[in-house]
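Asks: Take this structure, written in structure tokens, and hold onto it; I'll ask about it next.
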Amino acid sequence: MEREEDLEGRPSGAFNDNRIPDPPWMTSGIRSPTQANTRHGPSMLQQIWSTITVEFSDIPDIATVTKITVRILVAGLLGGILGYERERKARSAGIRTHMLVAVGAAIFMIGPTQAGMSVGDLSRVIQGVVQGVGFLGAGAIIIGTAARQVQGLTTAASIWAAAGIGVAAGLGMEATAMLATVVVLFILAVVPLFVRNSPSGPGESA
């Protein structure tokens with residue numbers, strides 16, 4: 001029986017001294033360094049990109065972007081209107097302060113709402129906003145104590161009202177926020193015309 005021969009005419013069982021042994025990853029299933037780097041790189045980039053996508057997934061579509069933008073802009077605009085009335089009378093808190101308070105209060109409402117927070121938890125957030133704005137209003141009152149007279153109570157109240165307007169706008173009640181702004185402006189601008197000559201206690205100056 002004839003022995004099988006390879007392509008060069010040598011018996012298939014003959015030992016070839018010139019044969020280069022195969023690398024271990026070709027015979028044992030181990031990936032080569034090039035293959036490992038090629039497969040590991042895209043996977044890491046995909047994980048980074050997927051994480052970034054998830055982090056920005058709180059605004060999934062144009063409708064949500066429009067809703068959030070309208071709420072924040074309305075809160076800032078209404079707060080700025082109140083601040084303009086205060087700044088026109090040279091009070092300690094003006095346009096920027098009232099705008100920031102209103103926008104901040106709106107954001108405190110928009111964030112939990114986007115996260116799906118329950119009504120009970122959202123009510124605690126509102127309580128925190130009211131308390132925090134109270135400290136800001138106290139700062140506006142303290143500024144006037146240098147003259148040994150309590151001043152700034154009306155401005156502190158307007159800051160507090162701006163926070164309430166921002167909360168309403170952040171919850172999607174823009175019409176309510178606008179109506180509240182009209183009422184507050186009436187109190188700040190019109191009511192003093194009728195009570196200007198009446199005796200007033202300290203801190204009730206418009």
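Just remember, in the structure tokens the first chain shown is A, the second B, etc., residues are 1-based per chain, and ligands are 1-based in the order shown.
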Skip Lys67 of chain A itself and residues of its chain fewer than 2 positions away, then list as a list in words all residues within 12 Å of it, counting only C-alpha atoms.

Replies: Ile59, Pro60, Asp61, Ile62, Ala63, Thr64, Val65, Thr69, Val70, Arg71, Ile72, Leu73, Val74, Ile110, Gln114, Ala169, Gly170, Leu171, Gly172, Met173 and Glu174 of chain A

Asks: Between A:Ser50, A:Ser92, A:Thr66, A:Thr97, which one has atoms that come closest to Leu153 of chain A, using only C-alpha atoms?

Replies: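 When distances to Leu153 of chain A are compared using only C-alpha atoms, the smallest one comes from A:Ser92.
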
Asks: Please indicate the distance in Å from atom CA of Val133 of chain A to atom CA of Ile159 of chain A, rounded to one decimal place.

Replies: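 Here the two named atoms are 7.3 Å from each other.
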
Asks: Provide the atom CA of Ala138 of chain A to atom CA of Pro112 of chain A distance in Å, to one decimal place.

Replies: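 Between atom CA of Ala138 of chain A and atom CA of Pro112 of chain A the gap is 26.8 Å.
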
Asks: Please indicate the distance in Å from atom CA of Leu188 of chain A to atom CA of Ala157 of chain A, rounded to one decimal place.

Replies: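 The value is 10.2 Å.
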
Asks: May I have the residues within 9 Å of Leu185 of chain A as a list in words, using only C-alpha atoms and disregarding those fewer than 3 positions away in the same chain?

Replies: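 My list of contacting residues is Ile81, Leu82, Glu85, Ala180, Thr181, Val182, Leu188, Ala189 and Val190 of chain A.
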
Asks: Okay, now the selection with N, CA and C atoms, as a PDB file, in the first residue's frame?

Replies:
ATOM      1  N   ILE A  81     -40.847  90.788  35.127  1.00  0.00           N
ATOM      2  CA  ILE A  81     -41.826  91.878  35.222  1.00  0.00           C
ATOM      3  C   ILE A  81     -41.947  92.361  36.655  1.00  0.00           C
ATOM      4  N   LEU A  82     -42.020  91.428  37.591  1.00  0.00           N
ATOM      5  CA  LEU A  82     -42.067  91.831  39.000  1.00  0.00           C
ATOM      6  C   LEU A  82     -40.769  92.525  39.414  1.00  0.00           C
ATOM      7  N   GLU A  85     -40.585  96.201  38.325  1.00  0.00           N
ATOM      8  CA  GLU A  85     -41.354  97.109  39.176  1.00  0.00           C
ATOM      9  C   GLU A  85     -40.572  97.452  40.445  1.00  0.00           C
ATOM     10  N   ALA A 180     -51.592  85.390  38.329  1.00  0.00           N
ATOM     11  CA  ALA A 180     -50.982  85.750  39.607  1.00  0.00           C
ATOM     12  C   ALA A 180     -50.046  86.946  39.452  1.00  0.00           C
ATOM     13  N   THR A 181     -49.339  87.023  38.337  1.00  0.00           N
ATOM     14  CA  THR A 181     -48.445  88.154  38.095  1.00  0.00           C
ATOM     15  C   THR A 181     -49.231  89.462  37.994  1.00  0.00           C
ATOM     16  N   VAL A 182     -50.368  89.418  37.313  1.00  0.00           N
ATOM     17  CA  VAL A 182     -51.204  90.613  37.200  1.00  0.00           C
ATOM     18  C   VAL A 182     -51.675  91.064  38.581  1.00  0.00           C
ATOM     19  N   LEU A 188     -48.476  95.813  43.958  1.00  0.00           N
ATOM     20  CA  LEU A 188     -47.245  96.585  44.085  1.00  0.00           C
ATOM     21  C   LEU A 188     -47.358  97.991  43.505  1.00  0.00           C
ATOM     22  N   ALA A 189     -48.095  98.145  42.415  1.00  0.00           N
ATOM     23  CA  ALA A 189     -48.098  99.418  41.700  1.00  0.00           C
ATOM     24  C   ALA A 189     -49.341 100.261  41.954  1.00  0.00           C
ATOM     25  N   VAL A 190     -50.481  99.640  42.121  1.00  0.00           N
ATOM     26  CA  VAL A 190     -51.729 100.393  42.221  1.00  0.00           C
ATOM     27  C   VAL A 190     -52.139 100.634  43.666  1.00  0.00           C
TER      28      VAL A 190
END

Asks: DSSP on the backbone, then: every residue of segment 91-204 of chain A marked helix (DSSP H, G or I), written as number ranges by chain.

Replies: A: 95-114, 119-147, 153-170, 174-195
